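Chemist: My structure is in upload.pdb, and what it holds is PDB, C-alpha atoms and all ligand atoms:
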MODEL        1
ATOM      1  CA  MET A   1      82.177 -59.287  30.856
ATOM      2  CA  LYS A   2      81.281 -56.081  32.673
ATOM      3  CA  PRO A   3      82.504 -53.020  30.726
ATOM      4  CA  SER A   4      85.432 -51.236  32.355
ATOM      5  CA  ARG A   5      85.024 -47.681  33.537
ATOM      6  CA  ASN A   6      85.868 -44.986  31.036
ATOM      7  CA  ILE A   7      89.110 -43.077  31.337
ATOM      8  CA  VAL A   8      88.153 -39.416  31.106
ATOM      9  CA  LEU A   9      90.661 -36.669  30.353
ATOM     10  CA  ILE A  10      89.795 -33.200  31.601
ATOM     11  CA  GLY A  11      91.879 -30.018  31.512
ATOM     12  CA  PHE A  12      92.257 -26.547  30.083
ATOM     13  CA  MET A  13      92.596 -25.966  26.330
ATOM     14  CA  GLY A  14      96.059 -26.922  25.125
ATOM     15  CA  THR A  15      96.909 -29.363  27.909
ATOM     16  CA  GLY A  16      97.011 -32.230  25.401
ATOM     17  CA  LYS A  17      93.717 -34.028  26.065
ATOM     18  CA  THR A  18      93.078 -35.012  22.452
ATOM     19  CA  SER A  19      96.581 -36.194  21.482
ATOM     20  CA  THR A  20      97.125 -37.937  24.813
ATOM     21  CA  GLY A  21      93.672 -39.527  24.702
ATOM     22  CA  ARG A  22      94.129 -40.887  21.204
ATOM     23  CA  LEU A  23      97.503 -42.430  22.085
ATOM     24  CA  LEU A  24      96.215 -43.838  25.373
ATOM     25  CA  ALA A  25      93.221 -45.448  23.672
ATOM     26  CA  GLY A  26      95.595 -47.065  21.140
ATOM     27  CA  ARG A  27      97.804 -48.405  23.918
ATOM     28  CA  LEU A  28      94.870 -49.856  25.855
ATOM     29  CA  GLY A  29      92.971 -51.131  22.800
ATOM     30  CA  ARG A  30      89.967 -49.017  23.715
ATOM     31  CA  ALA A  31      87.670 -46.820  21.676
ATOM     32  CA  PHE A  32      88.596 -43.131  21.649
ATOM     33  CA  VAL A  33      85.860 -40.515  21.944
ATOM     34  CA  ASP A  34      86.640 -36.829  21.571
ATOM     35  CA  ILE A  35      83.638 -34.855  22.797
ATOM     36  CA  ASP A  36      84.293 -31.760  20.646
ATOM     37  CA  ARG A  37      84.784 -33.844  17.474
ATOM     38  CA  LYS A  38      81.589 -35.751  18.227
ATOM     39  CA  ILE A  39      79.650 -32.494  18.614
ATOM     40  CA  GLU A  40      81.133 -31.288  15.310
ATOM     41  CA  GLN A  41      80.187 -34.503  13.501
ATOM     42  CA  GLU A  42      76.658 -34.582  14.874
ATOM     43  CA  ASN A  43      76.036 -30.936  13.970
ATOM     44  CA  ASN A  44      78.020 -30.833  10.772
ATOM     45  CA  MET A  45      79.750 -27.665  11.976
ATOM     46  CA  THR A  46      83.021 -26.841  13.693
ATOM     47  CA  VAL A  47      82.989 -25.734  17.336
ATOM     48  CA  ALA A  48      83.948 -22.232  16.129
ATOM     49  CA  GLU A  49      80.945 -22.195  13.763
ATOM     50  CA  ILE A  50      78.558 -23.359  16.502
ATOM     51  CA  PHE A  51      79.795 -20.549  18.791
ATOM     52  CA  ALA A  52      79.539 -17.963  15.999
ATOM     53  CA  ARG A  53      76.117 -18.969  14.688
ATOM     54  CA  HIS A  54      74.309 -20.120  17.795
ATOM     55  CA  GLY A  55      76.325 -18.831  20.761
ATOM     56  CA  GLU A  56      78.107 -20.493  23.660
ATOM     57  CA  PRO A  57      74.959 -21.568  25.624
ATOM     58  CA  HIS A  58      73.833 -23.597  22.592
ATOM     59  CA  PHE A  59      77.251 -25.269  22.396
ATOM     60  CA  ARG A  60      77.117 -26.053  26.146
ATOM     61  CA  GLN A  61      73.726 -27.713  25.654
ATOM     62  CA  LYS A  62      75.136 -29.913  22.857
ATOM     63  CA  GLU A  63      78.099 -30.685  25.109
ATOM     64  CA  ARG A  64      75.814 -31.786  27.963
ATOM     65  CA  ASP A  65      73.827 -34.020  25.583
ATOM     66  CA  VAL A  66      76.931 -35.771  24.260
ATOM     67  CA  ILE A  67      78.426 -36.165  27.755
ATOM     68  CA  ALA A  68      75.208 -37.776  29.000
ATOM     69  CA  ARG A  69      75.316 -40.329  26.175
ATOM     70  CA  VAL A  70      79.016 -41.202  26.177
ATOM     71  CA  SER A  71      79.286 -41.489  29.950
ATOM     72  CA  ARG A  72      76.761 -44.308  29.974
ATOM     73  CA  ALA A  73      78.813 -46.682  27.804
ATOM     74  CA  GLY A  74      82.082 -47.958  29.277
ATOM     75  CA  ASN A  75      85.416 -49.173  27.891
ATOM     76  CA  ALA A  76      86.386 -45.892  26.228
ATOM     77  CA  VAL A  77      89.005 -43.210  26.587
ATOM     78  CA  ILE A  78      87.161 -39.878  26.504
ATOM     79  CA  ALA A  79      88.801 -36.522  25.774
ATOM     80  CA  THR A  80      86.566 -33.684  26.930
ATOM     81  CA  GLY A  81      86.516 -30.002  25.984
ATOM     82  CA  GLY A  82      88.068 -27.614  28.515
ATOM     83  CA  GLY A  83      84.694 -26.313  29.681
ATOM     84  CA  VAL A  84      82.980 -29.559  30.769
ATOM     85  CA  VAL A  85      84.104 -28.943  34.351
ATOM     86  CA  LEU A  86      81.896 -25.825  34.504
ATOM     87  CA  ASN A  87      78.796 -27.975  34.748
ATOM     88  CA  ALA A  88      78.495 -30.111  37.904
ATOM     89  CA  GLU A  89      76.078 -32.509  36.223
ATOM     90  CA  ASN A  90      78.603 -33.207  33.427
ATOM     91  CA  MET A  91      81.218 -34.136  36.016
ATOM     92  CA  GLU A  92      78.802 -36.289  38.012
ATOM     93  CA  ARG A  93      77.905 -38.240  34.898
ATOM     94  CA  LEU A  94      81.508 -38.700  33.795
ATOM     95  CA  ARG A  95      82.582 -39.662  37.308
ATOM     96  CA  SER A  96      79.747 -42.179  37.799
ATOM     97  CA  ASN A  97      81.271 -44.457  35.165
ATOM     98  CA  GLY A  98      84.806 -43.145  34.801
ATOM     99  CA  ILE A  99      88.236 -42.469  36.211
ATOM    100  CA  ILE A 100      88.947 -38.744  35.943
ATOM    101  CA  VAL A 101      92.483 -37.850  34.811
ATOM    102  CA  SER A 102      93.254 -34.137  34.770
ATOM    103  CA  LEU A 103      95.965 -32.654  32.552
ATOM    104  CA  THR A 104      97.447 -29.308  33.578
ATOM    105  CA  ALA A 105     100.074 -27.041  32.016
ATOM    106  CA  SER A 106     101.609 -23.631  32.645
ATOM    107  CA  VAL A 107     100.035 -20.518  31.126
ATOM    108  CA  ASP A 108     103.041 -20.167  28.782
ATOM    109  CA  ALA A 109     102.756 -23.754  27.551
ATOM    110  CA  VAL A 110      99.034 -23.313  26.919
ATOM    111  CA  LEU A 111      99.610 -20.050  25.033
ATOM    112  CA  ASP A 112     102.315 -21.680  22.960
ATOM    113  CA  ARG A 113     100.296 -24.813  22.120
ATOM    114  CA  THR A 114      97.025 -23.016  21.402
ATOM    115  CA  GLY A 115      98.688 -20.254  19.392
ATOM    116  CA  ARG A 116      99.492 -22.555  16.504
ATOM    117  CA  ARG A 117      95.912 -22.959  15.329
ATOM    118  CA  ASN A 118      92.980 -20.628  15.402
ATOM    119  CA  THR A 119      90.214 -23.133  16.064
ATOM    120  CA  ARG A 120      89.256 -22.110  19.592
ATOM    121  CA  PRO A 121      86.561 -19.427  19.608
ATOM    122  CA  LEU A 122      87.188 -18.422  23.230
ATOM    123  CA  LEU A 123      90.812 -17.558  22.469
ATOM    124  CA  ASN A 124      90.136 -15.515  19.387
ATOM    125  CA  ARG A 125      90.598 -12.098  21.018
ATOM    126  CA  PRO A 126      93.238  -9.384  21.221
ATOM    127  CA  ASP A 127      93.848  -9.808  24.985
ATOM    128  CA  ARG A 128      94.423 -13.545  24.594
ATOM    129  CA  ASN A 129      97.354 -13.786  27.055
ATOM    130  CA  GLU A 130      95.586 -12.062  29.941
ATOM    131  CA  PHE A 131      92.379 -13.899  29.133
ATOM    132  CA  VAL A 132      94.036 -17.339  29.290
ATOM    133  CA  ALA A 133      95.794 -16.518  32.573
ATOM    134  CA  GLY A 134      92.512 -15.275  34.078
ATOM    135  CA  LEU A 135      90.347 -18.156  32.864
ATOM    136  CA  MET A 136      92.897 -20.749  33.988
ATOM    137  CA  ALA A 137      93.041 -19.225  37.462
ATOM    138  CA  GLN A 138      89.249 -19.108  37.606
ATOM    139  CA  ARG A 139      88.924 -22.808  36.671
ATOM    140  CA  ALA A 140      92.036 -24.138  38.456
ATOM    141  CA  GLU A 141      90.148 -25.619  41.381
ATOM    142  CA  LEU A 142      87.740 -27.475  39.102
ATOM    143  CA  TYR A 143      90.650 -29.117  37.270
ATOM    144  CA  GLN A 144      92.135 -30.274  40.590
ATOM    145  CA  ASN A 145      88.997 -32.240  41.380
ATOM    146  CA  ALA A 146      90.171 -35.476  39.719
ATOM    147  CA  ASP A 147      91.405 -38.964  40.575
ATOM    148  CA  PHE A 148      94.824 -38.223  39.105
ATOM    149  CA  VAL A 149      96.366 -34.871  38.109
ATOM    150  CA  ILE A 150      99.372 -34.650  35.756
ATOM    151  CA  ASP A 151     101.348 -31.558  34.838
ATOM    152  CA  THR A 152     102.111 -31.838  31.116
ATOM    153  CA  THR A 153     104.161 -28.614  30.866
ATOM    154  CA  ASN A 154     107.375 -30.486  30.173
ATOM    155  CA  SER A 155     106.003 -33.795  28.896
ATOM    156  CA  SER A 156     105.069 -34.988  25.437
ATOM    157  CA  PRO A 157     101.717 -36.778  25.004
ATOM    158  CA  ARG A 158     103.694 -40.033  24.813
ATOM    159  CA  GLN A 159     105.307 -39.397  28.205
ATOM    160  CA  THR A 160     101.967 -38.382  29.681
ATOM    161  CA  VAL A 161     100.448 -41.652  28.450
ATOM    162  CA  GLU A 162     103.180 -43.602  30.279
ATOM    163  CA  LYS A 163     102.357 -41.769  33.514
ATOM    164  CA  ILE A 164      98.652 -42.475  33.127
ATOM    165  CA  ILE A 165      99.303 -46.164  32.441
ATOM    166  CA  ALA A 166     101.561 -46.399  35.510
ATOM    167  CA  TYR A 167      98.786 -44.845  37.612
ATOM    168  CA  LEU A 168      96.091 -47.174  36.203
ATOM    169  CA  ARG A 169      98.277 -50.219  36.902
ATOM    170  CA  GLN A 170      99.103 -49.084  40.394
ATOM    171  CA  GLU A 171      95.425 -48.636  41.210
ATOM    172  CA  GLY A 172      94.532 -52.006  39.676
ATOM    173  CA  TYR A 173      92.363 -50.512  36.915
ATOM    174  CA  ILE A 174      94.386 -52.339  34.255
ATOM    175  CA  ASN A 175      96.519 -55.478  34.353
ATOM    176  CA  GLY A 176      99.903 -56.253  32.914
TER
HETATM  177  C1  LIG B   1      86.446 -24.794  25.587
HETATM  178  C2  LIG B   1      87.398 -25.702  25.165
HETATM  179  C3  LIG B   1      87.406 -26.285  23.814
HETATM  180  C4  LIG B   1      85.999 -26.319  23.221
HETATM  181  C5  LIG B   1      85.372 -24.962  23.294
HETATM  182  C6  LIG B   1      85.308 -24.393  24.705
HETATM  183  C7  LIG B   1      86.528 -24.233  26.964
HETATM  184  O1  LIG B   1      87.938 -27.617  23.872
HETATM  185  O2  LIG B   1      85.191 -27.248  23.886
HETATM  186  O3  LIG B   1      86.118 -24.127  22.438
HETATM  187  O4  LIG B   1      85.548 -23.650  27.444
HETATM  188  O5  LIG B   1      87.602 -24.399  27.609
HETATM  189  P1  LIG B   1      89.522 -27.957  24.034
HETATM  190  O6  LIG B   1      89.827 -27.923  25.484
HETATM  191  O7  LIG B   1      89.622 -29.337  23.473
HETATM  192  O8  LIG B   1      90.266 -26.945  23.234
ENDMDL
END
Represent the structure from my file as structure tokens, please.
Ligand code: S3P
Modeler:
Amino acid sequence: MKPSRNIVLIGFMGTGKTSTGRLLAGRLGRAFVDIDRKIEQENNMTVAEIFARHGEPHFRQKERDVIARVSRAGNAVIATGGGVVLNAENMERLRSNGIIVSLTASVDAVLDRTGRRNTRPLLNRPDRNEFVAGLMAQRAELYQNADFVIDTTNSSPRQTVEKIIAYLRQEGYING
């Protein structure tokens, strides 16, 4: 049987890509791939360590490498890091074999969700609030460029999964 297209979650940090992706993969009986975790495993370092030791361009190179590999195989649910949209080639690759689902959330929701843990190197700064608002505005258009966009501000990952499944059914990507 021909492998089905990947379901690719894009969105800003804290929009729920990882938790939603894991649940969605479970519901669909598909493999779950989290790009950031894969980079961490392959490099034996956390994303924060890669940024600190080697800098952001090095991380972006690792990200491009992993995206190129995982986009080729099908049948998976893929949760990306918030910055994959910055590179047009990443998006072309993901799109060529995938359905792009974009998760959005308000600035306040993102600040609240990302404030609980200190694992995101980009947000580790004193002007965090202004920085998040600015970066979200700067990237907003890129996150709108998707097959399906869902605002997760007032939804749990479980509720978001239901919306994604309804969309996939409606479009005939999944049966049942
Ligand atoms: C980034 C988002 C992070 C991670 C890295 C850079 C970004 O992923 O890839 O810290 O540029 O938005 P999450 O969106 O999973 O936090």
Chemist: Hey, which residues come within 7 Å of ligand LIG 1 (chain B) if we count only C-alpha atoms and all ligand atoms? Could you give them as an MDAnalysis selection string?
Modeler: chainID A and resid 11:14 17:18 36 47:48 80:83 120:122
Chemist: Contacts of range 149-163 of chain A at 8 Å or less, counting all atoms listed in the file, minus same-chain residues fewer than 2 places along, as number ranges by chain?
Modeler: A: 15-16, 19-20, 23-24, 101-106, 109, 144, 146-147, 165-167
Chemist: Need the shell around Phe32 in chain A: protein/DNA/RNA residues with any atom at most 10 Å away, counting all atoms listed in the file. Skip same-chain ones fewer than 3 positions apart. Format as a PDB file with C-alpha atoms, in the frame of the given file?
Modeler:
ATOM      1  CA  ASN A   6      85.868 -44.986  31.036  1.00  0.00           C
ATOM      2  CA  ILE A   7      89.110 -43.077  31.337  1.00  0.00           C
ATOM      3  CA  THR A  18      93.078 -35.012  22.452  1.00  0.00           C
ATOM      4  CA  GLY A  21      93.672 -39.527  24.702  1.00  0.00           C
ATOM      5  CA  ARG A  22      94.129 -40.887  21.204  1.00  0.00           C
ATOM      6  CA  LEU A  23      97.503 -42.430  22.085  1.00  0.00           C
ATOM      7  CA  LEU A  24      96.215 -43.838  25.373  1.00  0.00           C
ATOM      8  CA  ALA A  25      93.221 -45.448  23.672  1.00  0.00           C
ATOM      9  CA  GLY A  26      95.595 -47.065  21.140  1.00  0.00           C
ATOM     10  CA  GLY A  29      92.971 -51.131  22.800  1.00  0.00           C
ATOM     11  CA  ILE A  35      83.638 -34.855  22.797  1.00  0.00           C
ATOM     12  CA  ASN A  75      85.416 -49.173  27.891  1.00  0.00           C
ATOM     13  CA  ALA A  76      86.386 -45.892  26.228  1.00  0.00           C
ATOM     14  CA  VAL A  77      89.005 -43.210  26.587  1.00  0.00           C
ATOM     15  CA  ILE A  78      87.161 -39.878  26.504  1.00  0.00           C
ATOM     16  CA  ALA A  79      88.801 -36.522  25.774  1.00  0.00           C
TER      17      ALA A  79
END
Chemist: Within 8 Å of Val66 in chain A, counting all atoms listed in the file, which residues show up once you throw out same-chain ones fewer than 2 positions away? Write them as a list in words, please.
Modeler: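 Contacts, in chain order: Ile35, Lys38, Ile39, Lys62, Glu63, Arg64, Ala68, Arg69 and Val70 of chain A.
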Chemist: What is the distance, in Å and to one decimal place, between CA of Gly55 in chain A and CA of Ile10 in chain A?
Modeler: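 One can read the CA of Gly55 in chain A to CA of Ile10 in chain A distance as 22.5 Å.
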Chemist: Which residues, named as in the file, does the PyMOL selection byres (((chain A and resi 126-141) around 9) and not hetatm) pick out? Answer as an MDAnalysis selection string.
Modeler: chainID A and resid 12 83 85:86 104 107:108 110:111 122:125 142:145
Chemist: Can you measure CA of Gly98 in chain A to CA of Phe51 in chain A for me? One decimal in Å is fine.
Modeler: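 According to the coordinates, CA of Gly98 in chain A and CA of Phe51 in chain A are separated by 28.1 Å.
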Chemist: What's the separation between CA of Ala31 in chain A and CA of Leu9 in chain A, in Å to one decimal place?
Modeler: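 A separation of 13.7 Å between them.
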Chemist: Choose the residue, out of A:Leu28, A:Ala52, A:Asn44, A:Pro3, that has the smallest atom-to-atom separation from Leu168 in chain A; count only C-alpha atoms.
Modeler: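 Going through A:Leu28, A:Ala52, A:Asn44, A:Pro3 one by one, the smallest distance to Leu168 in chain A is for A:Leu28.
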Chemist: Would you list the residues near (82.2, -39.1, 36.4) (no more than 10 Å away, in the coordinates of the file, using all atoms listed in the file) as a PyMOL selection string?
Modeler: chain A and resi 5-8+67+71-72+88-100+146
Chemist: Which is closest to Ile50 in chain A among A:Asn175, A:Asp112, A:Thr119, A:Phe148, if we use all atoms listed in the file?
Modeler: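 Closest to Ile50 in chain A, using all atoms listed in the file: A:Thr119.
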Chemist: Given all atoms listed in the file as the basis, pick out the residue of A:Ile174, A:Thr114, A:Asn87, A:Pro57 nearest to Arg27 in chain A.
Modeler: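 For Arg27 in chain A, the nearest of the given residues is A:Ile174.
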Chemist: For range 148-159 of chain A, supply all heavy atoms and report the output as a compact mmCIF listing (two decimals), keeping the file's coordinate frame.
Modeler:
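Result file is result24.txt:
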# COMPACT_ATOMS: atom_id res chain seq x y z
N PHE A 148 93.38 -38.31 39.36
CA PHE A 148 94.82 -38.22 39.10
C PHE A 148 95.09 -36.94 38.32
O PHE A 148 94.41 -36.68 37.32
CB PHE A 148 95.24 -39.46 38.29
CG PHE A 148 96.71 -39.60 38.06
CD1 PHE A 148 97.63 -39.43 39.08
CD2 PHE A 148 97.19 -39.94 36.79
CE1 PHE A 148 99.01 -39.57 38.86
CE2 PHE A 148 98.56 -40.09 36.56
CZ PHE A 148 99.47 -39.91 37.60
N VAL A 149 96.05 -36.14 38.78
CA VAL A 149 96.37 -34.87 38.11
C VAL A 149 97.81 -34.94 37.60
O VAL A 149 98.72 -35.33 38.33
CB VAL A 149 96.24 -33.69 39.10
CG1 VAL A 149 96.52 -32.36 38.40
CG2 VAL A 149 94.85 -33.66 39.75
N ILE A 150 98.02 -34.61 36.32
CA ILE A 150 99.37 -34.65 35.76
C ILE A 150 99.71 -33.32 35.13
O ILE A 150 98.95 -32.81 34.29
CB ILE A 150 99.49 -35.68 34.59
CG1 ILE A 150 98.90 -37.01 34.99
CG2 ILE A 150 100.94 -35.84 34.16
CD1 ILE A 150 98.89 -37.96 33.82
N ASP A 151 100.86 -32.79 35.46
CA ASP A 151 101.35 -31.56 34.84
C ASP A 151 102.06 -31.93 33.54
O ASP A 151 103.06 -32.66 33.56
CB ASP A 151 102.31 -30.85 35.81
CG ASP A 151 102.80 -29.52 35.25
OD1 ASP A 151 102.45 -29.17 34.11
OD2 ASP A 151 103.55 -28.85 35.98
N THR A 152 101.54 -31.46 32.42
CA THR A 152 102.11 -31.84 31.12
C THR A 152 103.05 -30.76 30.56
O THR A 152 103.47 -30.86 29.40
CB THR A 152 100.98 -32.06 30.07
OG1 THR A 152 100.38 -30.78 29.75
CG2 THR A 152 99.91 -33.00 30.57
N THR A 153 103.36 -29.74 31.38
CA THR A 153 104.16 -28.61 30.87
C THR A 153 105.42 -29.09 30.15
O THR A 153 105.74 -28.62 29.06
CB THR A 153 104.55 -27.66 32.02
OG1 THR A 153 103.35 -27.25 32.68
CG2 THR A 153 105.29 -26.43 31.50
N ASN A 154 106.12 -30.04 30.78
CA ASN A 154 107.38 -30.49 30.17
C ASN A 154 107.31 -31.92 29.66
O ASN A 154 108.34 -32.58 29.53
CB ASN A 154 108.52 -30.34 31.19
CG ASN A 154 108.73 -28.89 31.56
OD1 ASN A 154 108.89 -28.03 30.68
ND2 ASN A 154 108.67 -28.58 32.85
N SER A 155 106.11 -32.42 29.40
CA SER A 155 106.00 -33.80 28.90
C SER A 155 105.31 -33.83 27.55
O SER A 155 104.36 -33.09 27.31
CB SER A 155 105.17 -34.68 29.82
OG SER A 155 105.49 -34.49 31.14
N SER A 156 105.75 -34.74 26.71
CA SER A 156 105.07 -34.99 25.44
C SER A 156 103.84 -35.85 25.73
O SER A 156 103.77 -36.51 26.77
CB SER A 156 106.00 -35.75 24.49
OG SER A 156 106.23 -37.04 25.02
N PRO A 157 102.87 -35.90 24.81
CA PRO A 157 101.72 -36.78 25.00
C PRO A 157 102.15 -38.23 25.29
O PRO A 157 101.56 -38.91 26.11
CB PRO A 157 100.95 -36.65 23.69
CG PRO A 157 101.25 -35.27 23.22
CD PRO A 157 102.68 -35.04 23.61
N ARG A 158 103.20 -38.67 24.60
CA ARG A 158 103.69 -40.03 24.81
C ARG A 158 104.14 -40.25 26.27
O ARG A 158 103.83 -41.28 26.89
CB ARG A 158 104.87 -40.28 23.86
CG ARG A 158 105.01 -41.69 23.38
CD ARG A 158 105.92 -41.78 22.17
NE ARG A 158 105.22 -41.44 20.93
CZ ARG A 158 104.37 -42.25 20.32
NH1 ARG A 158 104.10 -43.45 20.81
NH2 ARG A 158 103.76 -41.88 19.22
N GLN A 159 104.85 -39.29 26.81
CA GLN A 159 105.31 -39.40 28.20
C GLN A 159 104.13 -39.32 29.17
O GLN A 159 104.09 -40.02 30.18
CB GLN A 159 106.30 -38.27 28.51
CG GLN A 159 107.63 -38.45 27.80
CD GLN A 159 108.50 -37.20 27.86
OE1 GLN A 159 108.02 -36.08 27.75
NE2 GLN A 159 109.79 -37.41 28.07
